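Dumped protein.pdb below, it's PDB, C-alpha atoms and all ligand atoms:
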ATOM      1  CA  MET A  21      23.548  50.453  29.177
ATOM      2  CA  CYS A  22      26.610  48.712  30.451
ATOM      3  CA  ASN A  23      24.521  46.042  32.206
ATOM      4  CA  ALA A  24      22.368  45.536  29.142
ATOM      5  CA  GLY A  25      25.556  44.878  27.179
ATOM      6  CA  LYS A  26      26.622  42.263  29.717
ATOM      7  CA  ILE A  27      23.243  40.548  29.596
ATOM      8  CA  TYR A  28      23.460  40.518  25.820
ATOM      9  CA  LYS A  29      26.908  38.939  25.985
ATOM     10  CA  VAL A  30      25.828  36.293  28.511
ATOM     11  CA  SER A  31      22.703  35.474  26.504
ATOM     12  CA  TYR A  32      24.737  35.183  23.352
ATOM     13  CA  ARG A  33      27.132  32.746  25.053
ATOM     14  CA  LEU A  34      24.158  30.798  26.399
ATOM     15  CA  LEU A  35      22.659  30.671  22.922
ATOM     16  CA  GLU A  36      25.963  29.469  21.515
ATOM     17  CA  LYS A  37      26.165  26.784  24.190
ATOM     18  CA  LEU A  38      22.564  25.734  23.587
ATOM     19  CA  SER A  39      22.939  25.525  19.845
ATOM     20  CA  SER A  40      26.100  23.433  20.140
ATOM     21  CA  SER A  41      24.333  20.997  22.472
ATOM     22  CA  ILE A  42      21.411  20.806  20.029
ATOM     23  CA  MET A  43      23.933  20.031  17.272
ATOM     24  CA  ALA A  44      25.448  17.329  19.475
ATOM     25  CA  VAL A  45      22.037  15.740  20.018
ATOM     26  CA  ARG A  46      21.363  15.893  16.294
ATOM     27  CA  GLY A  47      24.751  14.365  15.641
ATOM     28  CA  ARG A  48      23.969  11.481  17.950
ATOM     29  CA  ARG A  49      20.624  10.999  16.265
ATOM     30  CA  ARG A  50      22.299  10.736  12.889
ATOM     31  CA  GLN A  51      24.641   8.139  14.318
ATOM     32  CA  GLN A  52      21.737   5.858  15.140
ATOM     33  CA  PHE A  53      22.206   4.570  11.609
ATOM     34  CA  LEU A  54      25.514   2.770  11.507
ATOM     35  CA  ARG A  55      27.360   2.637   8.183
ATOM     36  CA  LEU A  56      28.717  -0.815   7.373
ATOM     37  CA  ASN A  57      30.193  -2.645   4.380
ATOM     38  CA  GLY A  58      28.955  -1.835   0.912
ATOM     39  CA  ASP A  59      27.686   1.548   2.138
ATOM     40  CA  TRP A  60      24.714  -0.065   3.856
ATOM     41  CA  GLU A  61      23.408   1.760   6.912
ATOM     42  CA  VAL A  62      21.654  -0.112   9.707
ATOM     43  CA  PHE A  63      19.273   1.113  12.398
ATOM     44  CA  CYS A  64      18.582  -1.436  15.097
ATOM     45  CA  TRP A  65      15.827  -1.561  17.683
ATOM     46  CA  SER A  66      16.063  -4.942  19.299
ATOM     47  CA  VAL A  67      15.948  -6.693  22.646
ATOM     48  CA  ALA A  68      14.983 -10.385  22.809
ATOM     49  CA  GLY A  69      11.413 -10.941  23.941
ATOM     50  CA  LEU A  70      10.584  -7.213  23.926
ATOM     51  CA  GLU A  71      10.757  -5.663  20.467
ATOM     52  CA  THR A  72      12.765  -6.192  17.305
ATOM     53  CA  SER A  73      12.781  -4.082  14.175
ATOM     54  CA  VAL A  74      15.792  -3.369  11.976
ATOM     55  CA  VAL A  75      15.961  -0.824   9.170
ATOM     56  CA  VAL A  76      18.585  -0.921   6.427
ATOM     57  CA  ARG A  77      19.124   1.734   3.802
ATOM     58  CA  LYS A  78      21.338   2.392   0.838
ATOM     59  CA  ASP A  79      20.858   5.033  -1.828
ATOM     60  CA  ASP A  80      17.075   5.418  -2.182
ATOM     61  CA  LEU A  81      16.248   1.952  -0.886
ATOM     62  CA  LYS A  82      15.019   1.540   2.682
ATOM     63  CA  LEU A  83      13.757  -1.766   4.077
ATOM     64  CA  ALA A  84      12.519  -2.940   7.460
ATOM     65  CA  PHE A  85      13.058  -6.411   8.893
ATOM     66  CA  ASP A  86      10.500  -7.423  11.513
ATOM     67  CA  MET A  87       8.091  -5.018  13.154
ATOM     68  CA  GLY A  88       8.032  -5.551  16.901
ATOM     69  CA  TYR A  89       8.109  -1.790  17.281
ATOM     70  CA  ALA A  90       7.280   0.833  14.652
ATOM     71  CA  SER A  91      10.304   3.095  15.195
ATOM     72  CA  ARG A  92      10.502   6.394  13.318
ATOM     73  CA  PRO A  93      12.997   5.104  10.736
ATOM     74  CA  ALA A  94      10.788   2.015  10.245
ATOM     75  CA  VAL A  95       7.670   4.102   9.595
ATOM     76  CA  SER A  96       9.139   5.416   6.351
ATOM     77  CA  CYS A  97       9.714   1.870   5.031
ATOM     78  CA  GLN A  98       7.394   0.728   2.280
ATOM     79  CA  HIS A  99       8.730  -2.821   2.326
ATOM     80  CA  VAL A 100       8.655  -4.787   5.573
ATOM     81  CA  PHE A 101       9.966  -8.352   5.872
ATOM     82  CA  ILE A 102       8.642 -10.439   8.770
ATOM     83  CA  SER A 103      10.728 -13.409   9.933
ATOM     84  CA  HIS A 104       8.218 -15.168  12.202
ATOM     85  CA  GLY A 105       5.058 -14.760  14.236
ATOM     86  CA  HIS A 106       6.402 -14.104  17.753
ATOM     87  CA  ILE A 107       4.763 -10.960  19.054
ATOM     88  CA  ASP A 108       8.071  -9.140  19.613
ATOM     89  CA  HIS A 109       8.726  -9.420  15.867
ATOM     90  CA  ILE A 110       5.278  -8.811  14.379
ATOM     91  CA  GLY A 111       3.239  -7.058  17.105
ATOM     92  CA  GLY A 112       4.102  -3.564  15.816
ATOM     93  CA  VAL A 113       2.468  -4.028  12.406
ATOM     94  CA  PRO A 114      -0.873  -2.320  13.327
ATOM     95  CA  SER A 115       1.037   0.581  14.854
ATOM     96  CA  HIS A 116       3.231   0.796  11.719
ATOM     97  CA  VAL A 117       0.122   0.931   9.515
ATOM     98  CA  ARG A 118      -1.451   3.583  11.743
ATOM     99  CA  LYS A 119       1.651   5.762  11.791
ATOM    100  CA  ARG A 120       1.874   5.557   7.994
ATOM    101  CA  LEU A 121      -1.781   6.550   7.710
ATOM    102  CA  MET A 122      -1.133   9.526   9.995
ATOM    103  CA  SER A 123       1.760  10.639   7.819
ATOM    104  CA  HIS A 124      -0.293  10.171   4.615
ATOM    105  CA  ALA A 125       2.114   7.501   3.382
ATOM    106  CA  LYS A 126       1.122   4.820   0.878
ATOM    107  CA  PRO A 127       0.294   1.344   2.209
ATOM    108  CA  SER A 128       3.399  -0.713   2.941
ATOM    109  CA  THR A 129       3.842  -4.278   1.770
ATOM    110  CA  TYR A 130       4.403  -6.763   4.594
ATOM    111  CA  TYR A 131       6.087  -9.961   3.401
ATOM    112  CA  MET A 132       5.613 -12.889   5.770
ATOM    113  CA  PRO A 133       5.259 -16.677   6.016
ATOM    114  CA  GLU A 134       1.846 -17.633   4.624
ATOM    115  CA  HIS A 135       0.319 -18.841   7.916
ATOM    116  CA  LEU A 136       0.733 -15.353   9.458
ATOM    117  CA  VAL A 137      -1.356 -13.486   6.892
ATOM    118  CA  GLN A 138      -4.754 -14.289   8.387
ATOM    119  CA  THR A 139      -3.876 -13.386  11.990
ATOM    120  CA  THR A 140      -2.133 -10.188  10.875
ATOM    121  CA  LYS A 141      -5.253  -9.233   8.936
ATOM    122  CA  GLN A 142      -7.332  -9.816  12.070
ATOM    123  CA  SER A 143      -4.953  -7.724  14.201
ATOM    124  CA  LEU A 144      -5.396  -4.849  11.737
ATOM    125  CA  GLU A 145      -9.187  -5.188  11.901
ATOM    126  CA  ILE A 146      -9.068  -5.019  15.700
ATOM    127  CA  ALA A 147      -6.717  -2.011  15.606
ATOM    128  CA  ALA A 148      -9.115  -0.309  13.147
ATOM    129  CA  VAL A 149     -11.937  -0.640  15.683
ATOM    130  CA  GLN A 150      -9.772   0.427  18.623
ATOM    131  CA  SER A 151      -8.499   3.519  16.847
ATOM    132  CA  GLU A 152     -11.850   4.275  15.168
ATOM    133  CA  THR A 153     -10.015   4.421  11.852
ATOM    134  CA  ALA A 154     -11.664   2.080   9.347
ATOM    135  CA  GLU A 155      -8.868   2.520   6.753
ATOM    136  CA  LEU A 156      -6.388   0.922   9.141
ATOM    137  CA  ALA A 157      -7.824  -2.501   8.297
ATOM    138  CA  THR A 158      -7.032  -2.141   4.601
ATOM    139  CA  HIS A 159      -4.059   0.249   4.432
ATOM    140  CA  ALA A 160      -1.568  -2.613   4.065
ATOM    141  CA  TYR A 161      -0.607  -5.278   1.547
ATOM    142  CA  LEU A 162      -0.019  -8.587   3.316
ATOM    143  CA  LYS A 163       2.008 -10.807   1.038
ATOM    144  CA  PRO A 164       2.727 -14.464   1.772
ATOM    145  CA  VAL A 165       6.268 -15.425   0.765
ATOM    146  CA  GLY A 166       8.471 -18.414   1.443
ATOM    147  CA  PRO A 167      11.809 -20.009   0.598
ATOM    148  CA  GLY A 168      12.282 -20.562  -3.141
ATOM    149  CA  GLU A 169      10.510 -17.336  -4.088
ATOM    150  CA  SER A 170      12.055 -14.030  -5.030
ATOM    151  CA  ILE A 171      10.610 -10.554  -4.585
ATOM    152  CA  GLN A 172      11.460  -7.723  -6.953
ATOM    153  CA  LEU A 173      12.200  -4.470  -5.103
ATOM    154  CA  PRO A 174      12.854  -0.915  -6.346
ATOM    155  CA  ALA A 175      16.289   0.179  -7.599
ATOM    156  CA  ALA A 176      17.115  -3.292  -8.990
ATOM    157  CA  TYR A 177      17.140  -5.114  -5.646
ATOM    158  CA  VAL A 178      15.673  -8.559  -5.023
ATOM    159  CA  ALA A 179      14.706 -10.238  -1.748
ATOM    160  CA  VAL A 180      14.907 -14.000  -1.291
ATOM    161  CA  PRO A 181      13.537 -15.764   1.820
ATOM    162  CA  PHE A 182      15.449 -18.727   3.285
ATOM    163  CA  PRO A 183      14.422 -21.162   6.044
ATOM    164  CA  THR A 184      15.723 -20.655   9.585
ATOM    165  CA  VAL A 185      15.493 -22.848  12.693
ATOM    166  CA  HIS A 186      13.450 -21.487  15.604
ATOM    167  CA  ALA A 187      10.751 -22.542  18.071
ATOM    168  CA  VAL A 188       8.136 -21.709  15.399
ATOM    169  CA  THR A 189       8.180 -21.595  11.584
ATOM    170  CA  SER A 190      10.604 -18.842  10.650
ATOM    171  CA  GLN A 191      12.545 -17.454   7.728
ATOM    172  CA  GLY A 192      15.333 -15.001   7.032
ATOM    173  CA  TYR A 193      15.885 -12.855   3.944
ATOM    174  CA  ILE A 194      18.804 -12.198   1.617
ATOM    175  CA  ILE A 195      18.787  -8.931  -0.332
ATOM    176  CA  TYR A 196      20.526  -8.987  -3.710
ATOM    177  CA  LYS A 197      21.478  -6.258  -6.146
ATOM    178  CA  GLN A 198      20.762  -7.034  -9.789
ATOM    179  CA  HIS A 199      23.553  -6.199 -12.211
ATOM    180  CA  LYS A 200      23.159  -6.461 -15.957
ATOM    181  CA  LYS A 201      26.205  -7.288 -18.074
ATOM    182  CA  LEU A 202      26.461  -7.481 -21.862
ATOM    183  CA  LYS A 203      26.843 -11.147 -22.878
ATOM    184  CA  GLU A 204      30.390 -12.112 -23.810
ATOM    185  CA  GLU A 205      29.507 -12.855 -27.435
ATOM    186  CA  PHE A 206      28.224  -9.288 -27.950
ATOM    187  CA  GLN A 207      31.074  -7.447 -26.282
ATOM    188  CA  GLY A 208      32.951  -5.128 -28.653
ATOM    189  CA  MET A 209      29.901  -4.886 -30.944
ATOM    190  CA  GLU A 210      28.651  -1.473 -32.144
ATOM    191  CA  SER A 211      25.761  -0.093 -30.092
ATOM    192  CA  GLN A 212      23.527   0.145 -33.212
ATOM    193  CA  GLU A 213      24.023  -3.566 -33.895
ATOM    194  CA  ILE A 214      23.164  -4.392 -30.271
ATOM    195  CA  ALA A 215      20.053  -2.197 -30.481
ATOM    196  CA  SER A 216      18.933  -3.990 -33.624
ATOM    197  CA  LEU A 217      19.480  -7.416 -31.985
ATOM    198  CA  LYS A 218      17.396  -6.266 -29.056
ATOM    199  CA  LYS A 219      14.637  -5.208 -31.457
ATOM    200  CA  GLN A 220      14.667  -8.731 -32.884
ATOM    201  CA  GLY A 221      14.071 -10.053 -29.387
ATOM    202  CA  VAL A 222      17.601 -11.374 -28.783
ATOM    203  CA  GLU A 223      18.611 -11.417 -25.107
ATOM    204  CA  VAL A 224      21.874  -9.474 -25.101
ATOM    205  CA  VAL A 225      22.551  -9.202 -21.360
ATOM    206  CA  ASP A 226      23.356 -11.620 -18.577
ATOM    207  CA  GLU A 227      21.854 -10.901 -15.215
ATOM    208  CA  GLU A 228      24.015 -11.239 -12.151
ATOM    209  CA  LEU A 229      22.660 -11.198  -8.596
ATOM    210  CA  VAL A 230      25.120  -9.956  -5.968
ATOM    211  CA  PRO A 231      24.262 -10.904  -2.356
ATOM    212  CA  GLU A 232      24.263  -7.732  -0.256
ATOM    213  CA  ILE A 233      22.508  -8.231   3.099
ATOM    214  CA  ALA A 234      21.144 -11.164   5.069
ATOM    215  CA  PHE A 235      18.752 -10.843   8.011
ATOM    216  CA  THR A 236      18.328 -14.043  10.012
ATOM    217  CA  GLY A 237      15.562 -13.189  12.472
ATOM    218  CA  ASP A 238      15.447 -15.657  15.387
ATOM    219  CA  THR A 239      17.337 -18.852  14.643
ATOM    220  CA  THR A 240      19.789 -21.419  15.913
ATOM    221  CA  PHE A 241      23.342 -21.591  14.563
ATOM    222  CA  GLU A 242      22.264 -24.606  12.476
ATOM    223  CA  ILE A 243      21.536 -22.312   9.513
ATOM    224  CA  PHE A 244      25.314 -21.875   9.130
ATOM    225  CA  GLU A 245      26.313 -25.469   9.889
ATOM    226  CA  LYS A 246      23.875 -26.839   7.322
ATOM    227  CA  LEU A 247      23.965 -23.696   5.198
ATOM    228  CA  ALA A 248      20.322 -22.669   4.850
ATOM    229  CA  HIS A 249      21.103 -20.825   1.594
ATOM    230  CA  PRO A 250      24.201 -21.004  -0.657
ATOM    231  CA  ASP A 251      24.668 -17.201  -0.523
ATOM    232  CA  LEU A 252      24.115 -16.740   3.204
ATOM    233  CA  LEU A 253      27.836 -16.509   3.990
ATOM    234  CA  LYS A 254      28.716 -14.344   0.983
ATOM    235  CA  VAL A 255      26.867 -11.186   2.009
ATOM    236  CA  LYS A 256      28.418  -7.782   2.709
ATOM    237  CA  VAL A 257      26.329  -7.355   5.874
ATOM    238  CA  LEU A 258      24.973 -10.180   8.008
ATOM    239  CA  ILE A 259      22.378  -9.126  10.596
ATOM    240  CA  LEU A 260      22.342 -11.961  13.079
ATOM    241  CA  GLU A 261      20.649 -12.612  16.380
ATOM    242  CA  ALA A 262      22.942 -13.413  19.334
ATOM    243  CA  THR A 263      20.463 -13.751  22.183
ATOM    244  CA  TYR A 264      23.033 -15.287  24.549
ATOM    245  CA  ILE A 265      26.584 -14.108  25.210
ATOM    246  CA  ASP A 266      27.394 -15.209  28.797
ATOM    247  CA  LYS A 267      29.112 -18.318  30.145
ATOM    248  CA  ASP A 268      26.672 -18.830  33.020
ATOM    249  CA  ILE A 269      25.576 -22.280  34.134
ATOM    250  CA  ASP A 270      22.112 -22.563  35.718
ATOM    251  CA  LYS A 271      21.019 -24.658  38.710
ATOM    252  CA  GLN A 272      20.279 -27.620  36.442
ATOM    253  CA  GLY A 273      23.844 -27.466  35.141
ATOM    254  CA  LYS A 274      22.823 -26.091  31.743
ATOM    255  CA  THR A 275      25.101 -23.633  29.989
ATOM    256  CA  SER A 276      23.708 -20.607  28.161
ATOM    257  CA  ARG A 277      24.996 -22.167  24.967
ATOM    258  CA  THR A 278      22.831 -25.278  25.500
ATOM    259  CA  LYS A 279      19.872 -23.063  26.357
ATOM    260  CA  ALA A 280      20.391 -21.055  23.185
ATOM    261  CA  ARG A 281      20.160 -24.209  21.057
ATOM    262  CA  GLU A 282      17.123 -25.518  22.953
ATOM    263  CA  ARG A 283      15.231 -22.233  22.692
ATOM    264  CA  GLY A 284      16.005 -21.618  19.039
ATOM    265  CA  HIS A 285      18.702 -18.958  19.413
ATOM    266  CA  VAL A 286      22.393 -18.256  18.779
ATOM    267  CA  HIS A 287      25.178 -17.964  21.379
ATOM    268  CA  LEU A 288      28.126 -15.661  20.651
ATOM    269  CA  GLN A 289      30.560 -18.509  21.391
ATOM    270  CA  GLU A 290      29.165 -20.536  18.474
ATOM    271  CA  LEU A 291      30.185 -17.718  16.179
ATOM    272  CA  ILE A 292      33.694 -17.586  17.650
ATOM    273  CA  ASP A 293      34.181 -21.370  17.524
ATOM    274  CA  ASN A 294      33.142 -21.401  13.863
ATOM    275  CA  ALA A 295      34.803 -18.155  12.815
ATOM    276  CA  ASP A 296      36.156 -19.617   9.554
ATOM    277  CA  LEU A 297      32.620 -19.903   8.221
ATOM    278  CA  PHE A 298      32.405 -16.096   8.192
ATOM    279  CA  LYS A 299      35.626 -15.318   6.337
ATOM    280  CA  ASP A 300      33.770 -13.999   3.261
ATOM    281  CA  VAL A 301      31.155 -11.970   5.162
ATOM    282  CA  GLY A 302      31.833  -8.206   5.228
ATOM    283  CA  SER A 303      30.304  -7.049   8.524
ATOM    284  CA  ILE A 304      28.390  -8.996  11.153
ATOM    285  CA  TYR A 305      25.799  -6.997  13.045
ATOM    286  CA  LEU A 306      24.698  -8.780  16.217
ATOM    287  CA  MET A 307      21.344  -7.953  17.792
ATOM    288  CA  HIS A 308      18.395  -9.427  19.761
ATOM    289  CA  PHE A 309      20.435  -9.757  22.963
ATOM    290  CA  SER A 310      18.679 -11.071  26.053
ATOM    291  CA  ASP A 311      17.081  -8.387  28.211
ATOM    292  CA  LYS A 312      19.099  -9.674  31.182
ATOM    293  CA  TYR A 313      22.200  -7.984  29.712
ATOM    294  CA  SER A 314      22.772  -4.245  29.962
ATOM    295  CA  SER A 315      24.200  -2.384  26.952
ATOM    296  CA  GLY A 316      27.441  -1.964  28.915
ATOM    297  CA  TYR A 317      27.656  -5.701  29.655
ATOM    298  CA  ILE A 318      27.064  -6.559  25.992
ATOM    299  CA  TRP A 319      29.739  -4.141  24.854
ATOM    300  CA  ARG A 320      32.291  -5.257  27.475
ATOM    301  CA  THR A 321      31.639  -8.967  26.871
ATOM    302  CA  VAL A 322      31.931  -8.801  23.109
ATOM    303  CA  LYS A 323      34.924  -6.449  23.333
ATOM    304  CA  LYS A 324      36.964  -8.514  25.777
ATOM    305  CA  VAL A 325      36.496 -11.742  23.822
ATOM    306  CA  SER A 326      39.572 -12.439  21.778
ATOM    307  CA  LEU A 327      38.229 -12.725  18.263
ATOM    308  CA  PRO A 328      39.730 -15.148  15.737
ATOM    309  CA  ALA A 329      41.109 -13.552  12.558
ATOM    310  CA  PRO A 330      38.021 -14.125  10.350
ATOM    311  CA  LEU A 331      35.894 -12.094  12.789
ATOM    312  CA  LYS A 332      38.367  -9.354  13.704
ATOM    313  CA  GLY A 333      37.187  -5.852  12.899
ATOM    314  CA  LYS A 334      33.867  -6.963  11.478
ATOM    315  CA  LEU A 335      31.688  -7.478  14.549
ATOM    316  CA  TYR A 336      29.145  -4.825  15.559
ATOM    317  CA  VAL A 337      26.467  -4.868  18.215
ATOM    318  CA  GLY A 338      23.018  -3.286  18.120
ATOM    319  CA  ASN A 339      20.874  -3.014  21.220
ATOM    320  CA  MET A 340      17.763  -0.855  20.983
ATOM    321  CA  VAL A 341      19.238   2.357  19.645
ATOM    322  CA  HIS A 342      22.764   1.914  20.983
ATOM    323  CA  ASP A 343      25.124   0.927  18.225
ATOM    324  CA  LEU A 344      28.762   0.249  18.978
ATOM    325  CA  GLY A 345      31.416  -0.851  16.537
ATOM    326  CA  PHE A 346      34.882  -2.122  17.334
TER     327      PHE A 346
HETATM  328 ZN    ZN B 401      12.755 -12.832  19.235
HETATM  329 ZN    ZN B 402      11.120 -15.747  18.238
END

Mind turning this structure into structure tokens?
Amino acid sequence: MCNAGKIYKVSYRLLEKLSSSIMAVRGRRRQQFLRLNGDWEVFCWSVAGLETSVVVRKDDLKLAFDMGYASRPAVSCQHVFISHGHIDHIGGVPSHVRKRLMSHAKPSTYYMPEHLVQTTKQSLEIAAVQSETAELATHAYLKPVGPGESIQLPAAYVAVPFPTVHAVTSQGYIIYKQHKKLKEEFQGMESQEIASLKKQGVEVVDEELVPEIAFTGDTTFEIFEKLAHPDLLKVKVLILEATYIDKDIDKQGKTSRTKARERGHVHLQELIDNADLFKDVGSIYLMHFSDKYSSGYIWRTVKKVSLPAPLKGKLYVGNMVHDLGF
């Protein structure tokens, strides 16, 4: 009896220990989404050349940028914005479609530069054959979009593509929130009068678009020097690639910064040297680091850099699922 009591006690402690470690794991999982300015949460899965897919969410809205890998958070996204056709940014589309089919989810809409629609369609047809699932070829809306267009999203959000500078045709996206405000001339008016004006077809509200998030995809720093879009540096959250962060010089005497420009990417130092440009941006989420850097190296390098005032406290790094803020 006595021994049984002991066993019970030990098992109970073990159970307690187990459940607290399960809670800890769950806690870490929850933290994979990082909360940034404007209550936006970001989930990042990105290493240059391997796979990139970023999910952002706020309230009921959830969007994915690029689909190099169909991560679990990405699978629940009905709107997917593709920046360019490199395989590490678009190669996960068939897998995304398949995973949505498996979870009985509606077809997602994949927004992309026009020239990518045909090849994406073909990749879905091939995946349909490979997986012996005919629906895979058609369970997706492939929508060509380009700079100058705007895409209406749920919950009064709008997406606007802007041109970026990369080794191939590429584009980023700015997400806006639509706010409606009663026109100045009607303010103070009785609600019945306003209702009657509306009935007569009078436009009584002004629409304001507030820039919330920008996702650059792969690009050089030129998009900031020559401002690719007037609202690019006004966003609450800027998700920016920073493929290179080291000060190495190769055998040909080339710095990583020169290589970044030549290969269509950003170097962290460009951001630091032009910090003033980012004074109005809320948070800057860096991702798409070169695979030659470990997570620890990325964290240490970005942390030990002395950041100019406009960047202080607003830089975050995302590397696969490791998110660190400082
Ligand atoms: Zn890339
Ligand atoms: Zn690329």

- Query: Any idea what's packed within 7 Å of stretch 256-273 of chain A, counting all atoms listed in the file, ignoring anything in its chain fewer than 5 positions away? Could you give it as a PyMOL selection string?
  - Reply: chain A and resi 57-58+68+232-238+280+285-288+301-310

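Against the coordinates shown, the PyMOL selection byres (((chain A and resi 156) around 10) and not hetatm) returns Pro114, Ser115, His116, Val117, Arg118, Lys119, Arg120, Leu121, Pro127, Leu144, Glu145, Ile146, Ala147, Ala148, Val149, Ser151, Glu152, Thr153, Ala154, Glu155, Ala157, Thr158, His159 and Ala160 of chain A.
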
- Message: Give me, as a ChimeraX atom specification, the set of residues whose atoms come within 9 Å of any atom of ligand ZN 402 (chain B), counting all atoms listed in the file.
- Response: /A:68-69,103-109,186-188,190,237-239,283-285

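Residue nearest ligand ZN 401 (chain B), chosen from A:Val62, A:Met87, A:Ala248, A:Val75 and counting only C-alpha atoms and all ligand atoms: A:Met87.
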
- Taking the file as shown, find all residues satisfying the PyMOL selection byres (((chain A and resi 216-227) around 10) and not hetatm) and write them as a list in words.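 This file gives the following for the PyMOL selection byres (((chain A and resi 216-227) around 10) and not hetatm): Gln198, His199, Lys200, Lys201, Leu202, Lys203, Glu204, Glu205, Phe206, Gln207, Ser211, Gln212, Glu213, Ile214, Ala215, Glu228, Leu229 and Val230 of chain A.
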
- Evaluate the PyMOL selection byres (((chain A and resi 328) around 10) and not hetatm) and record the selected residues as a PyMOL selection string, following the chain and residue labels used in the document. chain A and resi 291-296+325-327+329-332

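Between atom CA of A:Arg277 and atom CA of A:Glu71 the separation is 22.3 Å.
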
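Point (11.1, -3.8, 9.7) has the following residues at most 7 Å away: Ser73, Val74, Val75, Leu83, Ala84, Phe85, Asp86, Met87, Ala94, Val100 and Phe101 of chain A (atoms considered: all atoms listed in the file).
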
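Among the candidate residues A:Ser91, A:Thr321, A:Thr129, A:Thr240, the one lying nearest to ligand ZN 401 (chain B) is A:Thr240, with distances computed using all atoms listed in the file.
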
- Item | Top pick for closest residue to A:Ser314, considering A:Ser170, A:Gly333, A:Gly338, A:Tyr161 and counting only C-alpha atoms |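 Closest candidate: A:Gly338.
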
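Nearest-residue note for ligand ZN 401 (chain B): choosing from A:Ala90, A:Leu81, A:Leu54, A:Ile102, the minimum distance belongs to A:Ile102, counting all atoms listed in the file.
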
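Distance-wise, atom CA of A:Val185 and atom CA of A:Glu290 end up 15.0 Å apart.
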
- Separating atom CA of A:Gly112 from atom CA of A:Thr72, to the nearest tenth of an Å, is a gap of 9.2 Å

- Task: Determine, counting all atoms listed in the file, every residue of protein, DNA or RNA that lies within 9 Å of (8.1, -21.5, -1.0) in the file coordinates, then give the result as number ranges by chain.
- Result: A: 133, 165-169, 181-182

- For A:Glu61, please output as a list of chain:residue names all residues within 6 Å (counting only C-alpha atoms; exclusion window: fewer than 4 positions along the same chain).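 Contacts, with the query itself left out: A:Phe53, A:Leu54, A:Arg55, A:Leu56, A:Val76, A:Arg77.
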
Any chance you could turn stretch 189-215 of chain A into a file with C-alpha atoms, as an mmCIF file, in the first residue's frame?
data_model
loop_
_atom_site.group_PDB
_atom_site.id
_atom_site.type_symbol
_atom_site.label_atom_id
_atom_site.label_comp_id
_atom_site.auth_asym_id
_atom_site.auth_seq_id
_atom_site.Cartn_x
_atom_site.Cartn_y
_atom_site.Cartn_z
ATOM 1 C CA THR A 189 11.386 40.562 -62.942
ATOM 2 C CA SER A 190 10.158 41.015 -59.391
ATOM 3 C CA GLN A 191 7.683 42.977 -57.327
ATOM 4 C CA GLY A 192 6.899 43.707 -53.705
ATOM 5 C CA TYR A 193 3.527 44.443 -52.112
ATOM 6 C CA ILE A 194 2.174 47.133 -49.810
ATOM 7 C CA ILE A 195 -0.891 46.274 -47.727
ATOM 8 C CA TYR A 196 -3.193 49.171 -46.860
ATOM 9 C CA LYS A 197 -6.140 49.487 -44.514
ATOM 10 C CA GLN A 198 -9.114 51.377 -45.916
ATOM 11 C CA HIS A 199 -10.664 53.933 -43.589
ATOM 12 C CA LYS A 200 -13.848 55.787 -44.413
ATOM 13 C CA LYS A 201 -14.344 59.294 -43.037
ATOM 14 C CA LEU A 202 -17.392 61.543 -43.356
ATOM 15 C CA LYS A 203 -16.555 64.408 -45.746
ATOM 16 C CA GLU A 204 -15.832 67.694 -43.996
ATOM 17 C CA GLU A 205 -18.858 69.449 -45.492
ATOM 18 C CA PHE A 206 -21.229 66.869 -43.959
ATOM 19 C CA GLN A 207 -19.727 66.755 -40.491
ATOM 20 C CA GLY A 208 -22.156 67.858 -37.769
ATOM 21 C CA MET A 209 -25.145 66.981 -39.983
ATOM 22 C CA GLU A 210 -28.020 64.866 -38.600
ATOM 23 C CA SER A 211 -27.770 61.176 -39.485
ATOM 24 C CA GLN A 212 -31.208 61.250 -41.204
ATOM 25 C CA GLU A 213 -30.034 64.040 -43.511
ATOM 26 C CA ILE A 214 -26.872 62.076 -44.348
ATOM 27 C CA ALA A 215 -28.958 58.961 -45.039
#
